[in-house]
$ cat upload-v3.cif   # mmCIF, N, CA and C atoms
data_coords
#
loop_
_atom_site.group_PDB
_atom_site.id
_atom_site.type_symbol
_atom_site.label_atom_id
_atom_site.label_comp_id
_atom_site.auth_asym_id
_atom_site.auth_seq_id
_atom_site.Cartn_x
_atom_site.Cartn_y
_atom_site.Cartn_z
ATOM 1 N N MET A 13 0.828 -1.200 0.000
ATOM 2 C CA MET A 13 0.000 0.000 0.000
ATOM 3 C C MET A 13 0.871 1.261 0.000
ATOM 4 N N GLU A 14 2.046 1.174 0.602
ATOM 5 C CA GLU A 14 2.943 2.335 0.640
ATOM 6 C C GLU A 14 3.401 2.707 -0.770
ATOM 7 N N GLN A 15 3.720 1.694 -1.589
ATOM 8 C CA GLN A 15 4.134 1.952 -2.970
ATOM 9 C C GLN A 15 2.998 2.586 -3.764
ATOM 10 N N LEU A 16 1.790 2.095 -3.533
ATOM 11 C CA LEU A 16 0.624 2.640 -4.218
ATOM 12 C C LEU A 16 0.438 4.111 -3.848
ATOM 13 N N GLN A 17 0.589 4.423 -2.586
ATOM 14 C CA GLN A 17 0.437 5.806 -2.129
ATOM 15 C C GLN A 17 1.496 6.711 -2.754
ATOM 16 N N GLN A 18 2.713 6.193 -2.919
ATOM 17 C CA GLN A 18 3.766 6.973 -3.573
ATOM 18 C C GLN A 18 3.397 7.279 -5.024
ATOM 19 N N LEU A 19 2.825 6.285 -5.716
ATOM 20 C CA LEU A 19 2.400 6.501 -7.099
ATOM 21 C C LEU A 19 1.265 7.525 -7.168
ATOM 22 N N ILE A 20 0.310 7.426 -6.241
ATOM 23 C CA ILE A 20 -0.818 8.362 -6.198
ATOM 24 C C ILE A 20 -0.317 9.787 -5.976
ATOM 25 N N ASN A 21 0.676 9.949 -5.121
ATOM 26 C CA ASN A 21 1.197 11.271 -4.788
ATOM 27 C C ASN A 21 2.215 11.794 -5.801
ATOM 28 N N GLY A 22 2.570 10.973 -6.765
ATOM 29 C CA GLY A 22 3.603 11.356 -7.724
ATOM 30 C C GLY A 22 3.176 12.418 -8.718
ATOM 31 N N ASP A 23 4.175 12.953 -9.433
ATOM 32 C CA ASP A 23 3.935 13.978 -10.452
ATOM 33 C C ASP A 23 3.333 13.400 -11.724
ATOM 34 N N LYS A 24 3.571 12.113 -11.951
ATOM 35 C CA LYS A 24 3.076 11.455 -13.152
ATOM 36 C C LYS A 24 1.631 10.989 -12.920
ATOM 37 N N PRO A 25 0.724 11.213 -13.885
ATOM 38 C CA PRO A 25 -0.646 10.711 -13.724
ATOM 39 C C PRO A 25 -0.654 9.196 -13.507
ATOM 40 N N LEU A 26 -1.523 8.743 -12.619
ATOM 41 C CA LEU A 26 -1.662 7.320 -12.299
ATOM 42 C C LEU A 26 -3.098 6.900 -12.542
ATOM 43 N N LEU A 27 -3.304 5.943 -13.446
ATOM 44 C CA LEU A 27 -4.620 5.362 -13.675
ATOM 45 C C LEU A 27 -4.655 4.003 -12.994
ATOM 46 N N ILE A 28 -5.610 3.841 -12.084
ATOM 47 C CA ILE A 28 -5.785 2.562 -11.390
ATOM 48 C C ILE A 28 -7.033 1.895 -11.947
ATOM 49 N N ASP A 29 -6.880 0.657 -12.390
ATOM 50 C CA ASP A 29 -8.000 -0.141 -12.888
ATOM 51 C C ASP A 29 -8.267 -1.249 -11.883
ATOM 52 N N PHE A 30 -9.387 -1.162 -11.175
ATOM 53 C CA PHE A 30 -9.815 -2.244 -10.292
ATOM 54 C C PHE A 30 -10.620 -3.214 -11.144
ATOM 55 N N TYR A 31 -10.227 -4.486 -11.110
ATOM 56 C CA TYR A 31 -10.818 -5.490 -11.997
ATOM 57 C C TYR A 31 -10.892 -6.839 -11.295
ATOM 58 N N ALA A 32 -11.489 -7.813 -11.997
ATOM 59 C CA ALA A 32 -11.463 -9.214 -11.570
ATOM 60 C C ALA A 32 -11.316 -10.077 -12.815
ATOM 61 N N THR A 33 -10.692 -11.224 -12.667
ATOM 62 C CA THR A 33 -10.427 -12.094 -13.814
ATOM 63 C C THR A 33 -11.708 -12.652 -14.427
ATOM 64 N N TRP A 34 -12.771 -12.748 -13.652
ATOM 65 C CA TRP A 34 -14.036 -13.319 -14.128
ATOM 66 C C TRP A 34 -14.974 -12.274 -14.747
ATOM 67 N N CYS A 35 -14.581 -11.011 -14.719
ATOM 68 C CA CYS A 35 -15.435 -9.893 -15.144
ATOM 69 C C CYS A 35 -15.327 -9.664 -16.653
ATOM 70 N N GLY A 36 -16.434 -9.807 -17.374
ATOM 71 C CA GLY A 36 -16.460 -9.619 -18.827
ATOM 72 C C GLY A 36 -16.004 -8.239 -19.279
ATOM 73 N N PRO A 37 -16.613 -7.161 -18.761
ATOM 74 C CA PRO A 37 -16.172 -5.819 -19.164
ATOM 75 C C PRO A 37 -14.705 -5.555 -18.819
ATOM 76 N N CYS A 38 -14.219 -6.156 -17.730
ATOM 77 C CA CYS A 38 -12.807 -5.999 -17.350
ATOM 78 C C CYS A 38 -11.909 -6.634 -18.404
ATOM 79 N N LYS A 39 -12.332 -7.794 -18.917
ATOM 80 C CA LYS A 39 -11.554 -8.466 -19.958
ATOM 81 C C LYS A 39 -11.522 -7.633 -21.237
ATOM 82 N N MET A 40 -12.637 -6.958 -21.539
ATOM 83 C CA MET A 40 -12.698 -6.099 -22.722
ATOM 84 C C MET A 40 -11.812 -4.868 -22.551
ATOM 85 N N LEU A 41 -11.688 -4.383 -21.324
ATOM 86 C CA LEU A 41 -10.917 -3.175 -21.048
ATOM 87 C C LEU A 41 -9.410 -3.421 -21.106
ATOM 88 N N HIS A 42 -8.984 -4.639 -20.795
ATOM 89 C CA HIS A 42 -7.548 -4.938 -20.718
ATOM 90 C C HIS A 42 -6.785 -4.555 -21.994
ATOM 91 N N PRO A 43 -7.202 -5.007 -23.194
ATOM 92 C CA PRO A 43 -6.434 -4.627 -24.395
ATOM 93 C C PRO A 43 -6.489 -3.128 -24.681
ATOM 94 N N VAL A 44 -7.572 -2.474 -24.292
ATOM 95 C CA VAL A 44 -7.680 -1.027 -24.469
ATOM 96 C C VAL A 44 -6.637 -0.325 -23.607
ATOM 97 N N LEU A 45 -6.503 -0.775 -22.364
ATOM 98 C CA LEU A 45 -5.498 -0.194 -21.470
ATOM 99 C C LEU A 45 -4.084 -0.436 -21.994
ATOM 100 N N GLU A 46 -3.862 -1.599 -22.584
ATOM 101 C CA GLU A 46 -2.542 -1.893 -23.165
ATOM 102 C C GLU A 46 -2.229 -0.911 -24.299
ATOM 103 N N GLU A 47 -3.232 -0.626 -25.143
ATOM 104 C CA GLU A 47 -3.038 0.329 -26.236
ATOM 105 C C GLU A 47 -2.747 1.724 -25.691
ATOM 106 N N VAL A 48 -3.504 2.120 -24.668
ATOM 107 C CA VAL A 48 -3.306 3.434 -24.050
ATOM 108 C C VAL A 48 -1.899 3.526 -23.480
ATOM 109 N N LYS A 49 -1.473 2.458 -22.807
ATOM 110 C CA LYS A 49 -0.141 2.429 -22.205
ATOM 111 C C LYS A 49 0.940 2.578 -23.284
ATOM 112 N N GLN A 50 0.778 1.871 -24.397
ATOM 113 C CA GLN A 50 1.743 1.959 -25.492
ATOM 114 C C GLN A 50 1.774 3.363 -26.082
ATOM 115 N N GLN A 51 0.600 3.951 -26.235
ATOM 116 C CA GLN A 51 0.510 5.272 -26.853
ATOM 117 C C GLN A 51 1.101 6.358 -25.954
ATOM 118 N N LEU A 52 0.878 6.256 -24.648
ATOM 119 C CA LEU A 52 1.349 7.283 -23.723
ATOM 120 C C LEU A 52 2.794 7.083 -23.290
ATOM 121 N N GLY A 53 3.290 5.869 -23.407
ATOM 122 C CA GLY A 53 4.664 5.591 -23.009
ATOM 123 C C GLY A 53 4.892 5.872 -21.533
ATOM 124 N N ASP A 54 5.920 6.654 -21.258
ATOM 125 C CA ASP A 54 6.345 6.922 -19.884
ATOM 126 C C ASP A 54 5.666 8.143 -19.253
ATOM 127 N N THR A 55 4.735 8.762 -19.974
ATOM 128 C CA THR A 55 4.127 9.997 -19.461
ATOM 129 C C THR A 55 3.063 9.740 -18.398
ATOM 130 N N ALA A 56 2.598 8.495 -18.283
ATOM 131 C CA ALA A 56 1.597 8.138 -17.274
ATOM 132 C C ALA A 56 1.833 6.701 -16.830
ATOM 133 N N THR A 57 1.315 6.368 -15.661
ATOM 134 C CA THR A 57 1.421 5.009 -15.138
ATOM 135 C C THR A 57 0.025 4.413 -15.076
ATOM 136 N N ILE A 58 -0.090 3.167 -15.514
ATOM 137 C CA ILE A 58 -1.360 2.449 -15.440
ATOM 138 C C ILE A 58 -1.114 1.177 -14.644
ATOM 139 N N ILE A 59 -1.904 0.981 -13.604
ATOM 140 C CA ILE A 59 -1.790 -0.254 -12.826
ATOM 141 C C ILE A 59 -3.165 -0.904 -12.713
ATOM 142 N N LYS A 60 -3.133 -2.219 -12.554
ATOM 143 C CA LYS A 60 -4.354 -2.993 -12.395
ATOM 144 C C LYS A 60 -4.328 -3.647 -11.015
ATOM 145 N N ILE A 61 -5.462 -3.582 -10.314
ATOM 146 C CA ILE A 61 -5.562 -4.199 -8.998
ATOM 147 C C ILE A 61 -6.740 -5.164 -9.015
ATOM 148 N N ASP A 62 -6.447 -6.439 -8.807
ATOM 149 C CA ASP A 62 -7.471 -7.486 -8.776
ATOM 150 C C ASP A 62 -8.220 -7.401 -7.439
ATOM 151 N N VAL A 63 -9.522 -7.158 -7.506
ATOM 152 C CA VAL A 63 -10.313 -6.974 -6.283
ATOM 153 C C VAL A 63 -10.431 -8.266 -5.473
ATOM 154 N N ASP A 64 -10.279 -9.408 -6.134
ATOM 155 C CA ASP A 64 -10.346 -10.683 -5.410
ATOM 156 C C ASP A 64 -9.045 -10.956 -4.653
ATOM 157 N N GLU A 65 -7.926 -10.515 -5.211
ATOM 158 C CA GLU A 65 -6.633 -10.713 -4.552
ATOM 159 C C GLU A 65 -6.335 -9.637 -3.516
ATOM 160 N N HIS A 66 -6.939 -8.456 -3.699
ATOM 161 C CA HIS A 66 -6.670 -7.315 -2.808
ATOM 162 C C HIS A 66 -7.969 -6.646 -2.354
ATOM 163 N N PRO A 67 -8.832 -7.390 -1.668
ATOM 164 C CA PRO A 67 -10.110 -6.799 -1.235
ATOM 165 C C PRO A 67 -9.926 -5.637 -0.262
ATOM 166 N N ASP A 68 -8.833 -5.647 0.489
ATOM 167 C CA ASP A 68 -8.565 -4.564 1.436
ATOM 168 C C ASP A 68 -8.320 -3.242 0.711
ATOM 169 N N ILE A 69 -7.544 -3.288 -0.371
ATOM 170 C CA ILE A 69 -7.270 -2.070 -1.140
ATOM 171 C C ILE A 69 -8.546 -1.599 -1.833
ATOM 172 N N ALA A 70 -9.288 -2.548 -2.416
ATOM 173 C CA ALA A 70 -10.550 -2.193 -3.073
ATOM 174 C C ALA A 70 -11.495 -1.518 -2.082
ATOM 175 N N ALA A 71 -11.551 -2.031 -0.861
ATOM 176 C CA ALA A 71 -12.422 -1.453 0.169
ATOM 177 C C ALA A 71 -11.980 -0.036 0.532
ATOM 178 N N GLN A 72 -10.677 0.182 0.604
ATOM 179 C CA GLN A 72 -10.167 1.521 0.937
ATOM 180 C C GLN A 72 -10.566 2.551 -0.110
ATOM 181 N N PHE A 73 -10.714 2.107 -1.355
ATOM 182 C CA PHE A 73 -11.107 3.006 -2.432
ATOM 183 C C PHE A 73 -12.622 3.036 -2.628
ATOM 184 N N GLY A 74 -13.348 2.256 -1.848
ATOM 185 C CA GLY A 74 -14.807 2.225 -1.962
ATOM 186 C C GLY A 74 -15.299 1.528 -3.218
ATOM 187 N N VAL A 75 -14.505 0.598 -3.721
ATOM 188 C CA VAL A 75 -14.867 -0.110 -4.945
ATOM 189 C C VAL A 75 -15.898 -1.188 -4.630
ATOM 190 N N ASN A 76 -17.079 -1.075 -5.245
ATOM 191 C CA ASN A 76 -18.092 -2.108 -5.077
ATOM 192 C C ASN A 76 -18.655 -2.584 -6.409
ATOM 193 N N SER A 77 -18.103 -2.071 -7.514
ATOM 194 C CA SER A 77 -18.419 -2.599 -8.838
ATOM 195 C C SER A 77 -17.185 -2.423 -9.718
ATOM 196 N N ILE A 78 -17.085 -3.259 -10.740
ATOM 197 C CA ILE A 78 -15.900 -3.262 -11.589
ATOM 198 C C ILE A 78 -16.305 -3.360 -13.053
ATOM 199 N N PRO A 79 -15.454 -2.932 -13.981
ATOM 200 C CA PRO A 79 -14.217 -2.210 -13.755
ATOM 201 C C PRO A 79 -14.476 -0.830 -13.147
ATOM 202 N N ASN A 80 -13.523 -0.386 -12.370
ATOM 203 C CA ASN A 80 -13.636 0.875 -11.665
ATOM 204 C C ASN A 80 -12.308 1.602 -11.859
ATOM 205 N N LEU A 81 -12.341 2.752 -12.497
ATOM 206 C CA LEU A 81 -11.127 3.466 -12.888
ATOM 207 C C LEU A 81 -10.959 4.750 -12.085
ATOM 208 N N PHE A 82 -9.760 4.939 -11.559
ATOM 209 C CA PHE A 82 -9.406 6.132 -10.797
ATOM 210 C C PHE A 82 -8.170 6.750 -11.429
ATOM 211 N N LEU A 83 -8.179 8.059 -11.633
ATOM 212 C CA LEU A 83 -7.015 8.759 -12.166
ATOM 213 C C LEU A 83 -6.550 9.783 -11.140
ATOM 214 N N TYR A 84 -5.295 9.644 -10.723
ATOM 215 C CA TYR A 84 -4.707 10.527 -9.714
ATOM 216 C C TYR A 84 -3.503 11.261 -10.286
ATOM 217 N N LYS A 85 -3.242 12.441 -9.730
ATOM 218 C CA LYS A 85 -1.994 13.160 -9.973
ATOM 219 C C LYS A 85 -1.715 14.009 -8.745
ATOM 220 N N LYS A 86 -0.504 13.905 -8.244
ATOM 221 C CA LYS A 86 -0.072 14.652 -7.052
ATOM 222 C C LYS A 86 -1.052 14.484 -5.890
ATOM 223 N N GLY A 87 -1.542 13.256 -5.724
ATOM 224 C CA GLY A 87 -2.410 12.947 -4.599
ATOM 225 C C GLY A 87 -3.863 13.328 -4.771
ATOM 226 N N GLU A 88 -4.203 13.930 -5.900
ATOM 227 C CA GLU A 88 -5.568 14.393 -6.129
ATOM 228 C C GLU A 88 -6.289 13.490 -7.123
ATOM 229 N N LEU A 89 -7.513 13.107 -6.774
ATOM 230 C CA LEU A 89 -8.345 12.338 -7.699
ATOM 231 C C LEU A 89 -8.866 13.305 -8.759
ATOM 232 N N ILE A 90 -8.484 13.063 -10.021
ATOM 233 C CA ILE A 90 -8.899 13.983 -11.076
ATOM 234 C C ILE A 90 -10.035 13.429 -11.918
ATOM 235 N N TRP A 91 -10.192 12.103 -11.915
ATOM 236 C CA TRP A 91 -11.195 11.487 -12.786
ATOM 237 C C TRP A 91 -11.542 10.130 -12.215
ATOM 238 N N HIS A 92 -12.811 9.776 -12.291
ATOM 239 C CA HIS A 92 -13.266 8.476 -11.788
ATOM 240 C C HIS A 92 -14.438 8.023 -12.638
ATOM 241 N N GLU A 93 -14.386 6.795 -13.143
ATOM 242 C CA GLU A 93 -15.462 6.248 -13.967
ATOM 243 C C GLU A 93 -15.660 4.778 -13.659
ATOM 244 N N LEU A 94 -16.890 4.337 -13.813
ATOM 245 C CA LEU A 94 -17.236 2.919 -13.666
ATOM 246 C C LEU A 94 -17.479 2.326 -15.041
ATOM 247 N N GLY A 95 -17.145 1.053 -15.191
ATOM 248 C CA GLY A 95 -17.456 0.337 -16.423
ATOM 249 C C GLY A 95 -16.419 0.520 -17.517
ATOM 250 N N PHE A 96 -16.663 -0.165 -18.614
ATOM 251 C CA PHE A 96 -15.783 -0.106 -19.777
ATOM 252 C C PHE A 96 -15.758 1.312 -20.334
ATOM 253 N N ARG A 97 -14.587 1.764 -20.726
ATOM 254 C CA ARG A 97 -14.418 3.074 -21.346
ATOM 255 C C ARG A 97 -13.584 2.906 -22.603
ATOM 256 N N PRO A 98 -13.957 3.585 -23.692
ATOM 257 C CA PRO A 98 -13.176 3.476 -24.931
ATOM 258 C C PRO A 98 -11.827 4.168 -24.802
ATOM 259 N N LYS A 99 -10.921 3.764 -25.666
ATOM 260 C CA LYS A 99 -9.553 4.284 -25.657
ATOM 261 C C LYS A 99 -9.527 5.801 -25.731
ATOM 262 N N GLU A 100 -10.349 6.384 -26.589
ATOM 263 C CA GLU A 100 -10.352 7.833 -26.768
ATOM 264 C C GLU A 100 -10.689 8.550 -25.466
ATOM 265 N N GLN A 101 -11.644 8.029 -24.710
ATOM 266 C CA GLN A 101 -12.037 8.665 -23.461
ATOM 267 C C GLN A 101 -10.907 8.563 -22.421
ATOM 268 N N LEU A 102 -10.248 7.431 -22.384
ATOM 269 C CA LEU A 102 -9.128 7.260 -21.461
ATOM 270 C C LEU A 102 -7.971 8.187 -21.822
ATOM 271 N N LEU A 103 -7.660 8.267 -23.113
ATOM 272 C CA LEU A 103 -6.579 9.145 -23.559
ATOM 273 C C LEU A 103 -6.889 10.612 -23.248
ATOM 274 N N GLU A 104 -8.148 10.990 -23.432
ATOM 275 C CA GLU A 104 -8.544 12.375 -23.147
ATOM 276 C C GLU A 104 -8.384 12.687 -21.657
ATOM 277 N N ALA A 105 -8.870 11.793 -20.802
ATOM 278 C CA ALA A 105 -8.792 12.020 -19.351
ATOM 279 C C ALA A 105 -7.339 12.095 -18.880
ATOM 280 N N ILE A 106 -6.529 11.149 -19.331
ATOM 281 C CA ILE A 106 -5.123 11.135 -18.912
ATOM 282 C C ILE A 106 -4.381 12.318 -19.533
ATOM 283 N N GLY A 107 -4.713 12.640 -20.783
ATOM 284 C CA GLY A 107 -4.064 13.756 -21.469
ATOM 285 C C GLY A 107 -4.239 15.076 -20.726
ATOM 286 N N LYS A 108 -5.394 15.275 -20.119
ATOM 287 C CA LYS A 108 -5.639 16.503 -19.367
ATOM 288 C C LYS A 108 -4.773 16.568 -18.107
ATOM 289 N N ALA A 109 -4.354 15.402 -17.622
ATOM 290 C CA ALA A 109 -3.560 15.342 -16.388
ATOM 291 C C ALA A 109 -2.059 15.435 -16.643
ATOM 292 N N ILE A 110 -1.663 15.255 -17.884
ATOM 293 C CA ILE A 110 -0.222 15.253 -18.203
ATOM 294 C C ILE A 110 0.326 16.668 -18.215
#

$ encode --input "upload-v3.cif" --output "structure tokens"
Amino acid sequence: MEQLQQLINGDKPLLIDFYATWCGPCKMLHPVLEEVKQQLGDTATIIKIDVDEHPDIAAQFGVNSIPNLFLYKKGELIWHELGFRPKEQLLEAIGKAI
């Protein structure tokens, strides 16, 4: 959790994807996030947190449905969305934080 907090407080935008392996929309979102990661390179960080493996972290963020996306920069939540999101919407949200 300490490493996660460091990423949240960092200067680089951090997108957190709360997901589960059995979740259909989460599976659809995975390749989209990979494309976003490739396109943005080192300008942003994207991490995935499995809610089944880390229920404590999911609870701390108030996650009760998935996929659940949080975008942070310098400790501030700048964007939050539930469900599948297209690549363009993710790029736009992260782009505003860069």

$ axis_aligned_box --input "upload-v3.cif" --around "range 49-64 of chain A" --padding-each-side "8 Å" --output "AutoDock Vina command-line options"
--center_x -2.0 --center_y -0.5 --center_z -15.8 --size_x 32.8 --size_y 37.0 --size_z 38.2

$ residues_near_point --input "upload-v3.cif" --point "(-13.5, -4.6, -22.1)" --cutoff "12 Å" --atoms "only C-alpha atoms" --output "ChimeraX atom specification"
/A:29,31-46,78-80,94-99

$ closest_residue --input "upload-v3.cif" --among "A:Lys85, A:Ile28, A:Glu93, A:Val48" --to "Ala109 in chain A" --atoms "all atoms listed in the file"
A:Lys85

$ residues_around --input "upload-v3.cif" --residues "Tyr84 in chain A" --least-positions-apart "5" --cutoff "6.5 Å" --atoms "all atoms listed in the file" --output "number ranges by chain"
A: 20, 24-28, 89-91

$ select_by_dssp --input "upload-v3.cif" --residues "range 15-109 of chain A" --states "strand (DSSP E or B)" --output "MDAnalysis selection string"
chainID A and resid 26:31 57:62 80:85 88:94

$ write_last_selection --input "upload-v3.cif" --atoms "N, CA and C atoms" --output "compact mmCIF listing (two decimals), keeping the file's coordinate frame"
# COMPACT_ATOMS: atom_id res chain seq x y z
N LEU A 26 -1.52 8.74 -12.62
CA LEU A 26 -1.66 7.32 -12.30
C LEU A 26 -3.10 6.90 -12.54
N LEU A 27 -3.30 5.94 -13.45
CA LEU A 27 -4.62 5.36 -13.68
C LEU A 27 -4.66 4.00 -12.99
N ILE A 28 -5.61 3.84 -12.08
CA ILE A 28 -5.78 2.56 -11.39
C ILE A 28 -7.03 1.90 -11.95
N ASP A 29 -6.88 0.66 -12.39
CA ASP A 29 -8.00 -0.14 -12.89
C ASP A 29 -8.27 -1.25 -11.88
N PHE A 30 -9.39 -1.16 -11.18
CA PHE A 30 -9.82 -2.24 -10.29
C PHE A 30 -10.62 -3.21 -11.14
N TYR A 31 -10.23 -4.49 -11.11
CA TYR A 31 -10.82 -5.49 -12.00
C TYR A 31 -10.89 -6.84 -11.30
N THR A 57 1.32 6.37 -15.66
CA THR A 57 1.42 5.01 -15.14
C THR A 57 0.02 4.41 -15.08
N ILE A 58 -0.09 3.17 -15.51
CA ILE A 58 -1.36 2.45 -15.44
C ILE A 58 -1.11 1.18 -14.64
N ILE A 59 -1.90 0.98 -13.60
CA ILE A 59 -1.79 -0.25 -12.83
C ILE A 59 -3.16 -0.90 -12.71
N LYS A 60 -3.13 -2.22 -12.55
CA LYS A 60 -4.35 -2.99 -12.40
C LYS A 60 -4.33 -3.65 -11.02
N ILE A 61 -5.46 -3.58 -10.31
CA ILE A 61 -5.56 -4.20 -9.00
C ILE A 61 -6.74 -5.16 -9.02
N ASP A 62 -6.45 -6.44 -8.81
CA ASP A 62 -7.47 -7.49 -8.78
C ASP A 62 -8.22 -7.40 -7.44
N ASN A 80 -13.52 -0.39 -12.37
CA ASN A 80 -13.64 0.88 -11.66
C ASN A 80 -12.31 1.60 -11.86
N LEU A 81 -12.34 2.75 -12.50
CA LEU A 81 -11.13 3.47 -12.89
C LEU A 81 -10.96 4.75 -12.08
N PHE A 82 -9.76 4.94 -11.56
CA PHE A 82 -9.41 6.13 -10.80
C PHE A 82 -8.17 6.75 -11.43
N LEU A 83 -8.18 8.06 -11.63
CA LEU A 83 -7.02 8.76 -12.17
C LEU A 83 -6.55 9.78 -11.14
N TYR A 84 -5.30 9.64 -10.72
CA TYR A 84 -4.71 10.53 -9.71
C TYR A 84 -3.50 11.26 -10.29
N LYS A 85 -3.24 12.44 -9.73
CA LYS A 85 -1.99 13.16 -9.97
C LYS A 85 -1.72 14.01 -8.74
N GLU A 88 -4.20 13.93 -5.90
CA GLU A 88 -5.57 14.39 -6.13
C GLU A 88 -6.29 13.49 -7.12
N LEU A 89 -7.51 13.11 -6.77
CA LEU A 89 -8.35 12.34 -7.70
C LEU A 89 -8.87 13.30 -8.76
N ILE A 90 -8.48 13.06 -10.02
CA ILE A 90 -8.90 13.98 -11.08
C ILE A 90 -10.04 13.43 -11.92
N TRP A 91 -10.19 12.10 -11.92
CA TRP A 91 -11.20 11.49 -12.79
C TRP A 91 -11.54 10.13 -12.22
N HIS A 92 -12.81 9.78 -12.29
CA HIS A 92 -13.27 8.48 -11.79
C HIS A 92 -14.44 8.02 -12.64
N GLU A 93 -14.39 6.80 -13.14
CA GLU A 93 -15.46 6.25 -13.97
C GLU A 93 -15.66 4.78 -13.66
N LEU A 94 -16.89 4.34 -13.81
CA LEU A 94 -17.24 2.92 -13.67
C LEU A 94 -17.48 2.33 -15.04

$ select_by_dssp --input "upload-v3.cif" --residues "range 24-94 of chain A" --states "helix (DSSP H, G or I)" --output "JSON list (two decimals) with N, CA and C atoms, in the frame of the given file"
[["chain", "number", "residue", "atom", "x", "y", "z"],
["A", 36, "GLY", "N", -16.43, -9.81, -17.37],
["A", 36, "GLY", "CA", -16.46, -9.62, -18.83],
["A", 36, "GLY", "C", -16.00, -8.24, -19.28],
["A", 37, "PRO", "N", -16.61, -7.16, -18.76],
["A", 37, "PRO", "CA", -16.17, -5.82, -19.16],
["A", 37, "PRO", "C", -14.70, -5.56, -18.82],
["A", 38, "CYS", "N", -14.22, -6.16, -17.73],
["A", 38, "CYS", "CA", -12.81, -6.00, -17.35],
["A", 38, "CYS", "C", -11.91, -6.63, -18.40],
["A", 39, "LYS", "N", -12.33, -7.79, -18.92],
["A", 39, "LYS", "CA", -11.55, -8.47, -19.96],
["A", 39, "LYS", "C", -11.52, -7.63, -21.24],
["A", 40, "MET", "N", -12.64, -6.96, -21.54],
["A", 40, "MET", "CA", -12.70, -6.10, -22.72],
["A", 40, "MET", "C", -11.81, -4.87, -22.55],
["A", 41, "LEU", "N", -11.69, -4.38, -21.32],
["A", 41, "LEU", "CA", -10.92, -3.18, -21.05],
["A", 41, "LEU", "C", -9.41, -3.42, -21.11],
["A", 42, "HIS", "N", -8.98, -4.64, -20.80],
["A", 42, "HIS", "CA", -7.55, -4.94, -20.72],
["A", 42, "HIS", "C", -6.78, -4.56, -21.99],
["A", 43, "PRO", "N", -7.20, -5.01, -23.19],
["A", 43, "PRO", "CA", -6.43, -4.63, -24.40],
["A", 43, "PRO", "C", -6.49, -3.13, -24.68],
["A", 44, "VAL", "N", -7.57, -2.47, -24.29],
["A", 44, "VAL", "CA", -7.68, -1.03, -24.47],
["A", 44, "VAL", "C", -6.64, -0.32, -23.61],
["A", 45, "LEU", "N", -6.50, -0.78, -22.36],
["A", 45, "LEU", "CA", -5.50, -0.19, -21.47],
["A", 45, "LEU", "C", -4.08, -0.44, -21.99],
["A", 46, "GLU", "N", -3.86, -1.60, -22.58],
["A", 46, "GLU", "CA", -2.54, -1.89, -23.16],
["A", 46, "GLU", "C", -2.23, -0.91, -24.30],
["A", 47, "GLU", "N", -3.23, -0.63, -25.14],
["A", 47, "GLU", "CA", -3.04, 0.33, -26.24],
["A", 47, "GLU", "C", -2.75, 1.72, -25.69],
["A", 48, "VAL", "N", -3.50, 2.12, -24.67],
["A", 48, "VAL", "CA", -3.31, 3.43, -24.05],
["A", 48, "VAL", "C", -1.90, 3.53, -23.48],
["A", 49, "LYS", "N", -1.47, 2.46, -22.81],
["A", 49, "LYS", "CA", -0.14, 2.43, -22.20],
["A", 49, "LYS", "C", 0.94, 2.58, -23.28],
["A", 50, "GLN", "N", 0.78, 1.87, -24.40],
["A", 50, "GLN", "CA", 1.74, 1.96, -25.49],
["A", 50, "GLN", "C", 1.77, 3.36, -26.08],
["A", 51, "GLN", "N", 0.60, 3.95, -26.24],
["A", 51, "GLN", "CA", 0.51, 5.27, -26.85],
["A", 51, "GLN", "C", 1.10, 6.36, -25.95],
["A", 52, "LEU", "N", 0.88, 6.26, -24.65],
["A", 52, "LEU", "CA", 1.35, 7.28, -23.72],
["A", 52, "LEU", "C", 2.79, 7.08, -23.29],
["A", 53, "GLY", "N", 3.29, 5.87, -23.41],
["A", 53, "GLY", "CA", 4.66, 5.59, -23.01],
["A", 53, "GLY", "C", 4.89, 5.87, -21.53],
["A", 54, "ASP", "N", 5.92, 6.65, -21.26],
["A", 54, "ASP", "CA", 6.34, 6.92, -19.88],
["A", 54, "ASP", "C", 5.67, 8.14, -19.25],
["A", 55, "THR", "N", 4.74, 8.76, -19.97],
["A", 55, "THR", "CA", 4.13, 10.00, -19.46],
["A", 55, "THR", "C", 3.06, 9.74, -18.40],
["A", 67, "PRO", "N", -8.83, -7.39, -1.67],
["A", 67, "PRO", "CA", -10.11, -6.80, -1.24],
["A", 67, "PRO", "C", -9.93, -5.64, -0.26],
["A", 68, "ASP", "N", -8.83, -5.65, 0.49],
["A", 68, "ASP", "CA", -8.56, -4.56, 1.44],
["A", 68, "ASP", "C", -8.32, -3.24, 0.71],
["A", 69, "ILE", "N", -7.54, -3.29, -0.37],
["A", 69, "ILE", "CA", -7.27, -2.07, -1.14],
["A", 69, "ILE", "C", -8.55, -1.60, -1.83],
["A", 70, "ALA", "N", -9.29, -2.55, -2.42],
["A", 70, "ALA", "CA", -10.55, -2.19, -3.07],
["A", 70, "ALA", "C", -11.50, -1.52, -2.08],
["A", 71, "ALA", "N", -11.55, -2.03, -0.86],
["A", 71, "ALA", "CA", -12.42, -1.45, 0.17],
["A", 71, "ALA", "C", -11.98, -0.04, 0.53],
["A", 72, "GLN", "N", -10.68, 0.18, 0.60],
["A", 72, "GLN", "CA", -10.17, 1.52, 0.94],
["A", 72, "GLN", "C", -10.57, 2.55, -0.11]]

$ atom_distance --input "upload-v3.cif" --atom1 "CA of His66 in chain A" --atom2 "CA of Glu104 in chain A"
28.4 Å

$ atom_distance --input "upload-v3.cif" --atom1 "CA of Leu81 in chain A" --atom2 "CA of Gln18 in chain A"
17.9 Å

$ closest_residue --input "upload-v3.cif" --among "A:Glu47, A:Glu100, A:Met13, A:Ile110" --to "Asp68 in chain A" --atoms "only C-alpha atoms"
A:Met13

$ atom_distance --input "upload-v3.cif" --atom1 "CA of Pro67 in chain A" --atom2 "atom N of Lys49 in chain A"
25.0 Å

$ resolve_selection --input "upload-v3.cif" --expression "the PyMOL selection byres (((chain A and resi 86 and name CA) around 6) and name CA)" --output "PyMOL selection string"
chain A and resi 21-23+85+87-88
